[in-house]
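Trainee: Below is the file query.tsv, with TSV, C-alpha atoms.
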chain	number	residue	atom	x	y	z
J	1	MET	CA	46.69	-26.81	-87.77
J	2	SER	CA	44.06	-25.76	-85.14
J	3	TYR	CA	43.69	-27.17	-81.65
J	4	GLY	CA	40.46	-27.46	-79.61
J	5	SER	CA	40.00	-26.14	-76.08
J	6	PRO	CA	41.81	-28.22	-73.53
J	7	LEU	CA	39.70	-30.61	-71.55
J	8	PRO	CA	38.97	-29.45	-67.99
J	9	THR	CA	41.20	-31.12	-65.51
J	10	ARG	CA	40.28	-32.36	-62.02
J	11	SER	CA	41.89	-29.31	-60.45
J	12	THR	CA	39.72	-27.04	-62.60
J	13	PHE	CA	36.60	-28.80	-61.34
J	14	ASP	CA	37.80	-28.39	-57.76
J	15	ILE	CA	38.35	-24.67	-58.21
J	16	ARG	CA	34.89	-24.16	-59.68
J	17	ARG	CA	33.35	-26.24	-56.90
J	18	ARG	CA	35.09	-24.17	-54.24
J	19	ARG	CA	33.92	-20.98	-55.92
J	20	ARG	CA	30.33	-22.19	-55.96
J	21	ARG	CA	30.56	-23.16	-52.31
J	22	MET	CA	32.03	-19.80	-51.42
J	23	VAL	CA	29.27	-17.98	-53.28
J	24	ALA	CA	26.66	-20.15	-51.57
J	25	PHE	CA	28.28	-19.47	-48.17
J	26	VAL	CA	28.30	-15.72	-48.79
J	27	VAL	CA	24.67	-15.77	-49.88
J	28	LEU	CA	23.71	-17.89	-46.85
J	29	ALA	CA	25.60	-15.58	-44.51
J	30	ALA	CA	23.87	-12.58	-46.03
J	31	VAL	CA	20.47	-14.21	-45.62
J	32	ILE	CA	21.22	-15.14	-42.01
J	33	GLY	CA	22.48	-11.62	-41.32
J	34	LEU	CA	19.37	-10.06	-42.80
J	35	PHE	CA	17.18	-12.44	-40.80
J	36	ALA	CA	19.05	-11.67	-37.57
J	37	LEU	CA	18.80	-7.96	-38.29
J	38	ALA	CA	15.06	-8.26	-38.87
J	39	VAL	CA	14.61	-10.25	-35.64
J	40	ARG	CA	16.70	-7.73	-33.73
J	41	TYR	CA	14.69	-4.86	-35.17
J	42	ARG	CA	11.40	-6.50	-34.26
J	43	THR	CA	12.68	-7.30	-30.76
J	44	GLU	CA	13.90	-3.74	-30.28
J	45	GLU	CA	10.59	-2.39	-31.53
J	46	ARG	CA	8.67	-4.68	-29.17
J	47	ARG	CA	10.79	-3.63	-26.20
J	48	THR	CA	10.36	0.01	-27.11
J	49	THR	CA	6.60	-0.45	-27.28
J	50	GLU	CA	6.60	-2.18	-23.87
J	51	TYR	CA	8.66	0.64	-22.37
J	52	LEU	CA	6.41	3.33	-23.80
J	53	GLY	CA	3.36	1.49	-22.49
J	54	LEU	CA	4.82	1.53	-18.99
J	55	ALA	CA	5.78	5.19	-19.37
J	56	ILE	CA	2.18	6.09	-20.27
J	57	GLU	CA	0.94	4.20	-17.19
J	58	ILE	CA	3.51	5.90	-14.94
J	59	ALA	CA	2.59	9.32	-16.32
J	60	GLU	CA	-1.06	8.71	-15.52
J	61	ASN	CA	-0.17	7.62	-11.98
J	62	GLU	CA	2.11	10.57	-11.33
J	63	SER	CA	-0.44	13.01	-12.71
J	64	GLY	CA	-2.86	11.70	-10.09
J	65	VAL	CA	-0.24	12.01	-7.34
J	66	ALA	CA	0.48	15.60	-8.35
J	67	GLU	CA	-3.22	16.48	-8.27
J	68	SER	CA	-3.63	14.81	-4.85
J	69	LEU	CA	-0.69	16.80	-3.51
J	70	ARG	CA	-2.18	20.08	-4.72
J	71	GLN	CA	-5.54	19.21	-3.13
J	72	MET	CA	-3.81	18.34	0.13
J	73	LEU	CA	-1.93	21.64	0.26
J	74	THR	CA	-5.09	23.55	-0.65
J	75	GLY	CA	-7.09	21.90	2.14
J	76	LEU	CA	-4.57	22.13	4.99
J	77	GLY	CA	-7.14	23.82	7.22
J	78	ASP	CA	-9.40	20.75	7.09
J	79	LEU	CA	-6.71	18.26	8.08
J	80	GLU	CA	-5.49	17.05	11.42
J	81	ARG	CA	-1.83	16.46	11.98
J	82	GLN	CA	-1.81	12.68	11.56
J	83	ASP	CA	-4.14	12.82	8.55
J	84	LEU	CA	-1.67	15.13	6.83
J	85	LEU	CA	1.29	12.87	7.57
J	86	ASN	CA	-0.64	9.80	6.44
J	87	GLN	CA	-1.51	11.45	3.13
J	88	ILE	CA	2.12	12.38	2.53
J	89	ASP	CA	3.18	8.78	3.24
J	90	SER	CA	0.54	7.49	0.83
J	91	LEU	CA	1.74	9.78	-1.96
J	92	GLY	CA	5.32	8.69	-1.36
J	93	ALA	CA	4.33	5.03	-1.55
J	94	GLN	CA	2.60	5.58	-4.90
J	95	ILE	CA	5.70	7.22	-6.38
J	96	SER	CA	7.93	4.46	-4.97
J	97	ASN	CA	5.81	1.86	-6.78
J	98	ASP	CA	6.41	3.65	-10.08
J	99	VAL	CA	10.14	3.94	-9.37
J	100	GLN	CA	10.33	0.19	-8.76
J	101	ALA	CA	8.29	-0.60	-11.88
J	102	LEU	CA	10.57	1.56	-14.04
J	103	ALA	CA	13.71	0.01	-12.54
J	104	ALA	CA	12.43	-3.47	-13.38
J	105	GLN	CA	11.62	-2.58	-17.01
J	106	GLU	CA	14.10	-3.56	-19.72
J	107	VAL	CA	15.48	-0.43	-21.41
J	108	PRO	CA	16.16	-0.73	-25.16
J	109	ALA	CA	18.89	1.45	-26.65
J	110	ALA	CA	16.34	3.52	-28.57
J	111	VAL	CA	14.79	4.90	-25.38
J	112	ALA	CA	17.99	5.39	-23.36
J	113	GLU	CA	17.79	9.18	-23.45
J	114	ALA	CA	14.08	9.30	-22.61
J	115	HIS	CA	14.63	6.74	-19.85
J	116	GLY	CA	17.32	8.90	-18.27
J	117	PHE	CA	14.99	11.90	-18.09
J	118	LEU	CA	12.09	9.84	-16.71
J	119	THR	CA	14.32	8.26	-14.06
J	120	VAL	CA	15.51	11.68	-12.87
J	121	ALA	CA	11.91	12.93	-12.78
J	122	LEU	CA	10.63	10.03	-10.69
J	123	THR	CA	13.54	9.97	-8.23
J	124	SER	CA	13.32	13.75	-7.75
J	125	TRP	CA	9.60	13.56	-6.99
J	126	GLN	CA	10.20	10.58	-4.70
J	127	ASP	CA	12.96	12.35	-2.76
J	128	ALA	CA	10.76	15.42	-2.39
J	129	ILE	CA	7.72	13.60	-1.00
J	130	THR	CA	9.87	11.38	1.24
J	131	SER	CA	11.42	14.50	2.78
J	132	MET	CA	8.14	16.38	3.08
J	133	ASP	CA	6.87	14.70	6.26
J	134	ASP	CA	10.16	15.48	8.03
J	135	ALA	CA	9.88	19.12	6.95
J	136	VAL	CA	6.27	19.30	8.18
J	137	LEU	CA	7.25	17.83	11.56
J	138	LEU	CA	10.08	20.35	11.89
J	139	ILE	CA	7.56	23.14	11.33
J	140	LEU	CA	4.86	21.81	13.66
J	141	ASP	CA	7.19	20.82	16.50
J	142	ALA	CA	9.50	23.85	16.39
J	143	ASP	CA	9.58	25.98	19.54
J	144	GLU	CA	10.51	29.16	17.68
J	145	GLU	CA	9.61	30.35	14.19
J	146	GLY	CA	10.28	27.02	12.50
J	147	LEU	CA	12.84	28.46	10.08
J	148	SER	CA	14.65	25.12	9.72
J	149	GLY	CA	11.37	23.51	8.73
J	150	GLU	CA	10.68	26.30	6.26
J	151	ALA	CA	14.11	25.81	4.69
J	152	ALA	CA	13.52	22.06	4.46
J	153	LEU	CA	10.14	22.62	2.84
J	154	THR	CA	11.67	25.04	0.34
J	155	ILE	CA	14.16	22.33	-0.65
J	156	VAL	CA	11.29	19.86	-1.06
J	157	PHE	CA	9.47	22.18	-3.45
J	158	GLY	CA	12.72	22.73	-5.35
J	159	GLN	CA	13.07	18.97	-5.83
J	160	LEU	CA	9.55	18.83	-7.23
J	161	ARG	CA	10.48	21.48	-9.78
J	162	VAL	CA	13.61	19.54	-10.77
J	163	GLY	CA	11.40	16.52	-11.40
J	164	ASP	CA	9.04	18.61	-13.52
J	165	LEU	CA	11.93	19.86	-15.68
J	166	ALA	CA	13.27	16.34	-16.13
J	167	TYR	CA	9.83	15.16	-17.19
J	168	GLU	CA	9.74	17.89	-19.85
J	169	GLY	CA	13.01	16.44	-21.15
J	170	PHE	CA	11.42	13.00	-21.26
J	171	LEU	CA	8.50	14.30	-23.33
J	172	LEU	CA	10.88	15.95	-25.82
J	173	ALA	CA	13.01	12.79	-26.11
J	174	ARG	CA	9.86	10.73	-26.62
J	175	LEU	CA	9.03	12.76	-29.73
J	176	GLU	CA	12.09	11.26	-31.43
J	177	LEU	CA	11.01	7.67	-30.83
J	178	GLU	CA	9.24	5.30	-33.17
J	179	GLY	CA	6.86	2.52	-32.30
J	180	ASP	CA	3.23	1.60	-31.92
J	181	LEU	CA	2.82	3.80	-28.82
J	182	ALA	CA	5.17	6.65	-29.72
J	183	ASP	CA	2.28	8.82	-30.89
J	184	GLU	CA	-0.15	7.83	-28.14
J	185	PRO	CA	-1.30	10.69	-25.86
J	186	ILE	CA	0.52	10.90	-22.54
J	187	ASP	CA	-0.17	12.97	-19.42
J	188	ASN	CA	1.82	16.15	-18.96
J	189	VAL	CA	2.90	15.79	-15.33
J	190	ASP	CA	3.48	19.07	-13.48
J	191	PHE	CA	3.66	18.91	-9.70
J	192	VAL	CA	4.22	22.66	-9.59
J	193	ALA	CA	1.71	23.51	-12.30
J	194	VAL	CA	1.32	26.97	-13.77
J	195	GLY	CA	-0.94	29.02	-11.52
J	196	THR	CA	-0.24	26.95	-8.40
J	197	GLU	CA	3.12	28.50	-7.47
J	198	ASN	CA	1.77	29.89	-4.17
J	199	LEU	CA	0.96	26.35	-3.05
J	200	PHE	CA	4.65	25.51	-3.34
J	201	ASP	CA	6.16	28.44	-1.48
J	202	GLY	CA	8.01	27.38	1.66
J	203	ALA	CA	7.22	30.51	3.68
J	204	THR	CA	3.53	30.49	2.76
J	205	ILE	CA	2.95	26.83	3.61
J	206	THR	CA	4.99	27.14	6.82
J	207	GLU	CA	2.79	29.99	8.02
J	208	ARG	CA	-0.38	28.10	7.14
J	209	LEU	CA	0.81	25.00	8.97
J	210	ARG	CA	1.74	26.85	12.14
J	211	ASN	CA	-1.52	28.82	12.17
J	212	THR	CA	-3.75	25.76	11.76
J	213	ILE	CA	-4.83	24.80	15.27
J	214	ARG	CA	-6.17	21.38	14.30
J	215	LEU	CA	-2.68	20.35	13.33
J	216	ASP	CA	-1.40	20.72	16.91
J	217	GLY	CA	-0.13	17.41	18.22
J	218	ARG	CA	-2.22	15.79	20.97
J	219	HIS	CA	-1.13	12.74	22.97
J	220	ASP	CA	-4.03	10.96	24.64
J	221	VAL	CA	-4.88	7.33	25.37
J	222	SER	CA	-7.89	5.93	27.21
J	223	VAL	CA	-8.61	2.58	28.81
J	224	THR	CA	-11.70	0.58	29.73
J	225	ALA	CA	-11.83	-2.95	31.09
J	226	ARG	CA	-14.15	-5.83	31.96
J	227	THR	CA	-13.91	-9.20	33.59
J	228	ASP	CA	-14.20	-12.53	31.82
J	229	PRO	CA	-16.65	-14.01	32.62
J	230	MET	CA	-18.73	-10.86	32.71
J	231	PRO	CA	-20.86	-9.97	35.78
J	232	LEU	CA	-24.32	-11.55	35.85
J	233	GLY	CA	-25.93	-9.68	38.74
J	234	GLU	CA	-25.42	-7.22	41.60
J	235	GLN	CA	-24.80	-7.34	45.33
J	236	ASN	CA	-24.92	-4.18	47.45
J	237	GLY	CA	-24.88	-2.16	44.27
J	238	ARG	CA	-21.75	-3.88	42.96
J	239	PRO	CA	-21.51	-6.29	40.00
J	240	VAL	CA	-21.13	-9.98	40.79
J	241	VAL	CA	-18.86	-12.19	38.69
J	242	PRO	CA	-20.09	-15.81	38.42
J	243	SER	CA	-18.10	-18.86	39.45
J	244	SER	CA	-15.45	-20.01	36.98
J	245	GLU	CA	-12.32	-22.15	36.90
J	246	THR	CA	-10.27	-19.17	35.77
J	247	TYR	CA	-10.72	-15.42	35.45
J	248	SER	CA	-9.34	-12.79	33.08
J	249	VAL	CA	-9.38	-9.03	32.73
J	250	LEU	CA	-9.78	-7.66	29.20
J	251	ALA	CA	-8.48	-4.11	28.77
J	252	VAL	CA	-9.30	-1.98	25.71
J	253	ILE	CA	-6.67	0.68	24.95
J	254	THR	CA	-7.68	3.47	22.54
J	255	ASN	CA	-5.55	6.22	21.03
J	256	GLU	CA	-7.74	9.29	21.49
J	257	GLY	CA	-5.09	11.72	20.22
J	258	ASN	CA	-3.92	12.67	16.76
J	259	LEU	CA	-0.40	11.26	17.03
J	260	ARG	CA	0.90	7.74	16.73
J	261	GLU	CA	1.68	6.37	20.18
J	262	GLU	CA	4.44	3.84	20.77
J	263	GLY	CA	5.36	1.88	23.88
J	264	ILE	CA	2.10	2.23	25.84
J	265	SER	CA	2.53	0.64	29.28
J	266	VAL	CA	-0.64	-1.04	30.58
J	267	THR	CA	-0.75	-2.05	34.25
J	268	MET	CA	-3.45	-4.21	35.86
J	269	SER	CA	-3.78	-4.41	39.65
J	270	ILE	CA	-6.39	-6.48	41.51
J	271	GLN	CA	-6.77	-7.25	45.22
J	272	ILE	CA	-9.34	-8.08	47.88
J	273	ALA	CA	-10.85	-4.81	49.07
J	274	SER	CA	-10.26	-5.68	52.74
J	275	GLY	CA	-6.55	-6.02	52.13
J	276	ALA	CA	-6.56	-9.64	53.30
J	277	GLU	CA	-4.22	-10.54	50.46
J	278	SER	CA	-1.54	-8.64	48.58
J	279	ALA	CA	-2.46	-7.09	45.26
J	280	VAL	CA	-1.74	-9.01	42.07
J	281	THR	CA	-0.05	-6.66	39.61
J	282	ARG	CA	0.78	-7.39	35.99
J	283	GLU	CA	2.04	-5.24	33.15
J	284	GLN	CA	1.91	-5.48	29.36
J	285	LEU	CA	3.24	-3.26	26.57
J	286	VAL	CA	1.29	-2.05	23.54
J	287	LEU	CA	3.93	-1.50	20.87
J	288	SER	CA	2.06	1.12	18.84
J	289	LEU	CA	-1.39	2.61	18.17
J	290	ASP	CA	-2.34	4.97	15.35
J	291	PRO	CA	-4.81	7.80	16.02
J	292	GLY	CA	-8.30	6.38	16.56
J	293	GLN	CA	-7.02	2.82	16.74
J	294	ALA	CA	-7.88	0.52	19.65
J	295	THR	CA	-6.52	-2.80	20.84
J	296	THR	CA	-7.53	-5.36	23.46
J	297	ILE	CA	-5.07	-7.06	25.78
J	298	GLU	CA	-5.79	-9.87	28.24
J	299	PHE	CA	-4.55	-10.49	31.76
J	300	SER	CA	-5.42	-14.15	32.24
J	301	ASP	CA	-5.28	-16.93	34.84
J	302	LEU	CA	-6.43	-14.82	37.77
J	303	GLN	CA	-7.55	-16.64	40.93
J	304	LEU	CA	-10.48	-15.10	42.86
J	305	VAL	CA	-11.70	-16.13	46.30
J	306	PRO	CA	-15.47	-16.89	46.44
J	307	GLY	CA	-17.57	-14.23	48.15
J	308	GLU	CA	-14.84	-11.59	48.32
J	309	LEU	CA	-15.11	-7.98	47.13
J	310	TYR	CA	-12.31	-7.05	44.72
J	311	ASP	CA	-10.88	-3.73	43.60
J	312	LEU	CA	-9.61	-3.69	40.02
J	313	GLN	CA	-7.53	-0.93	38.47
J	314	VAL	CA	-6.15	-0.78	34.92
J	315	THR	CA	-3.89	2.10	33.83
J	316	ALA	CA	-2.49	2.97	30.39
J	317	SER	CA	0.56	5.22	30.61
J	318	ILE	CA	2.25	7.48	28.06
J	319	THR	CA	4.30	10.65	28.39
J	320	GLN	CA	2.57	14.01	27.94
J	321	ASP	CA	-0.96	12.61	28.15
J	322	ALA	CA	-3.35	15.48	27.37
J	323	ASP	CA	-6.17	13.92	29.42
J	324	PRO	CA	-4.84	11.96	32.41
J	325	PHE	CA	-8.35	11.27	33.69
J	326	ASN	CA	-9.30	8.76	30.98
J	327	ASN	CA	-6.24	6.54	31.16
J	328	THR	CA	-7.22	4.82	34.42
J	329	PHE	CA	-10.16	2.43	34.85
J	330	ASN	CA	-11.45	1.32	38.27
J	331	LEU	CA	-14.01	-1.37	39.10
J	332	SER	CA	-15.18	-2.94	42.35
J	333	PHE	CA	-16.95	-6.31	42.05
J	334	TYR	CA	-17.82	-9.43	43.99
J	335	ARG	CA	-16.73	-12.95	43.16
J	336	ASN	CA	-19.88	-15.09	43.53
J	337	GLN	CA	-20.21	-17.56	46.42
J	338	GLU	CA	-19.90	-21.16	45.25
Translate this file's structure into structure tokens.
Mentor:
Amino acid sequence: MSYGSPLPTRSTFDIRRRRRRMVAFVVLAAVIGLFALAVRYRTEERRTTEYLGLAIEIAENESGVAESLRQMLTGLGDLERQDLLNQIDSLGAQISNDVQALAAQEVPAAVAEAHGFLTVALTSWQDAITSMDDAVLLILDADEEGLSGEAALTIVFGQLRVGDLAYEGFLLARLELEGDLADEPIDNVDFVAVGTENLFDGATITERLRNTIRLDGRHDVSVTARTDPMPLGEQNGRPVVPSSETYSVLAVITNEGNLREEGISVTMSIQIASGAESAVTREQLVLSLDPGQATTIEFSDLQLVPGELYDLQVTASITQDADPFNNTFNLSFYRNQE
């Protein structure tokens, strides 16, 4: 006698159902995993492309900074002291902008090695330029041979070379990257470029700085002044100020030197020429003036007696003024009869 296959029981159906669900779950998990992997890959590729785009921009900027530095060192004889220091500050500010931009950029894992090299390059160049103005001042203001300034400048040039070497490492690491911009041309930044080694020799630049007369520091401020209202006529060869409810003296202070001046004391004194009344004296402080810069300050609410002859004196005072004859302004004038 033969028997047919047993009929499937409820438990058999449950087992098959669970198996199908498990297979479906595994397939779904695999699909989700592949999708997540693809999204992650595309995200990583996009971030890498963004990073490389910024790196290309930074390289172009730094190449320009390096060229400007070489031109500055080549043309030392045509610069005045403050012009030189201003140029150094400008170069440092440009590098600082690139350092900040790089620090704000998201760094994908693929570019970690290249990022490390580029960070070292930028910070080394930044440290060098930031220290350069201090080294230059040590050289220019030294009483003796300026050896401390020469040593500081030698360290500065060494930092530039460290940055150049780190940038070479960045270029090599970049060759291993993939992405839309991985094969794009990028500037080869060399602050101390081949053939320019003499421009970055501490002893040579120190000697050139100390032998350049135009770089000598010169402190000098000048002052001129006028009344408000301005004179409208003359009496006995002296200007006559018209009647007014109030009077002011406007003083123009100019930095005639090649150094930044800070804390310029400006004193205004006015009195009746006969000495019938005590002098009115007031003082104001100009916080700072760059070379060639001028500023106007006002001494207001002055009371003048009609018909009197007044002596006005305005003085701008700094230490070590190279020309003491232009920092005092004198004026005698009449206040008009009402």
Trainee: If I take atom CA of Leu52 of chain J and atom CA of Val162 of chain J, how far is one from the other in Å, to one decimal?
Mentor: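 Interatomic distance, atom CA of Leu52 of chain J to atom CA of Val162 of chain J: 22.0 Å.
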Trainee: Quick one: everything within 7 Å of segment 304-310 of chain J, counting all atoms listed in the file, minus sequence neighbours fewer than 6 positions away in the same chain. Send it as a list in words.
Mentor: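 Here the answer would be Ile270, Gln271, Ile272, Ala273, Ser332, Phe333, Tyr334, Arg335, Asn336, Gln337 and Glu338 of chain J.
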Trainee: Leaving out segment 224-238 of chain J and any residue of its chain fewer than 6 positions from it, which residues lie within 10 Å of it when counting only C-alpha atoms, given as a PyMOL selection string?
Mentor: chain J and resi 244+246-254+268+296-300+309+312-316+326-336
Trainee: Please write the residues from the selection above to a file, keeping C-alpha atoms, as a short mmCIF file (atom, residue, chain, number, x, y, z; two decimals), in the coordinates of the input.
Mentor:
data_model
loop_
_atom_site.label_atom_id
_atom_site.label_comp_id
_atom_site.auth_asym_id
_atom_site.auth_seq_id
_atom_site.Cartn_x
_atom_site.Cartn_y
_atom_site.Cartn_z
CA SER J 244 -15.45 -20.01 36.98
CA THR J 246 -10.27 -19.17 35.77
CA TYR J 247 -10.72 -15.42 35.45
CA SER J 248 -9.34 -12.79 33.08
CA VAL J 249 -9.38 -9.03 32.73
CA LEU J 250 -9.78 -7.66 29.20
CA ALA J 251 -8.48 -4.11 28.77
CA VAL J 252 -9.30 -1.98 25.71
CA ILE J 253 -6.67 0.68 24.95
CA THR J 254 -7.68 3.47 22.54
CA MET J 268 -3.45 -4.21 35.86
CA THR J 296 -7.53 -5.36 23.46
CA ILE J 297 -5.07 -7.06 25.78
CA GLU J 298 -5.79 -9.87 28.24
CA PHE J 299 -4.55 -10.49 31.76
CA SER J 300 -5.42 -14.15 32.24
CA LEU J 309 -15.11 -7.98 47.13
CA LEU J 312 -9.61 -3.69 40.02
CA GLN J 313 -7.53 -0.93 38.47
CA VAL J 314 -6.15 -0.78 34.92
CA THR J 315 -3.89 2.10 33.83
CA ALA J 316 -2.49 2.97 30.39
CA ASN J 326 -9.30 8.76 30.98
CA ASN J 327 -6.24 6.54 31.16
CA THR J 328 -7.22 4.82 34.42
CA PHE J 329 -10.16 2.43 34.85
CA ASN J 330 -11.45 1.32 38.27
CA LEU J 331 -14.01 -1.37 39.10
CA SER J 332 -15.18 -2.94 42.35
CA PHE J 333 -16.95 -6.31 42.05
CA TYR J 334 -17.82 -9.43 43.99
CA ARG J 335 -16.73 -12.95 43.16
CA ASN J 336 -19.88 -15.09 43.53
#
Trainee: Considering only C-alpha atoms, can you say which of J:Val240, J:Val280, J:Asp290, J:Asp301 comes closest to Glu256 of chain J?
Mentor: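 The shortest atom-to-atom distance to Glu256 of chain J comes from J:Asp290.
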Trainee: Contacts of Asn188 of chain J at 9 Å or less, counting only C-alpha atoms, minus same-chain residues fewer than 5 places along, as a PyMOL selection string?
Mentor: chain J and resi 59-60+63+167-168+171
Trainee: Find, counting all atoms listed in the file, the residue in J:Leu160, J:Leu153, J:Val189, J:Val223 that gets nearest to Asp133 of chain J.
Mentor: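 Distance minimum relative to Asp133 of chain J lands on J:Leu153.
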Trainee: Which one is closest to Asp141 of chain J: J:Leu165, J:Ile264, J:Leu209, J:Leu285? Count all atoms listed in the file.
Mentor: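 Among the listed residues, J:Leu209 lies closest to Asp141 of chain J.
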Trainee: Which is closer to Val111 of chain J than all the others in J:Ala279, J:Glu50, J:Ile155, J:Asp89, using all atoms listed in the file?
Mentor: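 Ranked by minimum distance to Val111 of chain J, first place goes to J:Glu50.
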Trainee: Closest to Val107 of chain J among J:Ala55, J:Leu84, J:Leu91, J:Val156, using only C-alpha atoms?
Mentor: J:Ala55
Trainee: Would you please work out which residue, of J:Gln87, J:Gly116, J:Thr319, J:Asp311, is nearest to Pro239 of chain J when using all atoms listed in the file?
Mentor: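 Among the listed residues, J:Asp311 lies closest to Pro239 of chain J.
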Trainee: Show me, as JSON, numbers by chain, the residues that have an atom within 7 Å of Gln284 of chain J when counting only C-alpha atoms, minus same-chain residues fewer than 4 positions from it.
Mentor: {"J": [265, 266, 267]}
Trainee: Report, in Å with one decimal, the straight-line distance from atom CA of Leu79 of chain J to atom CA of Ala152 of chain J.
Mentor: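 About the pair atom CA of Leu79 of chain J and atom CA of Ala152 of chain J: they are 20.9 Å apart.
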Trainee: Between atom CA of Pro324 of chain J and atom CA of Ala294 of chain J, measure the distance and give it in Å to one decimal.
Mentor: 17.4 Å
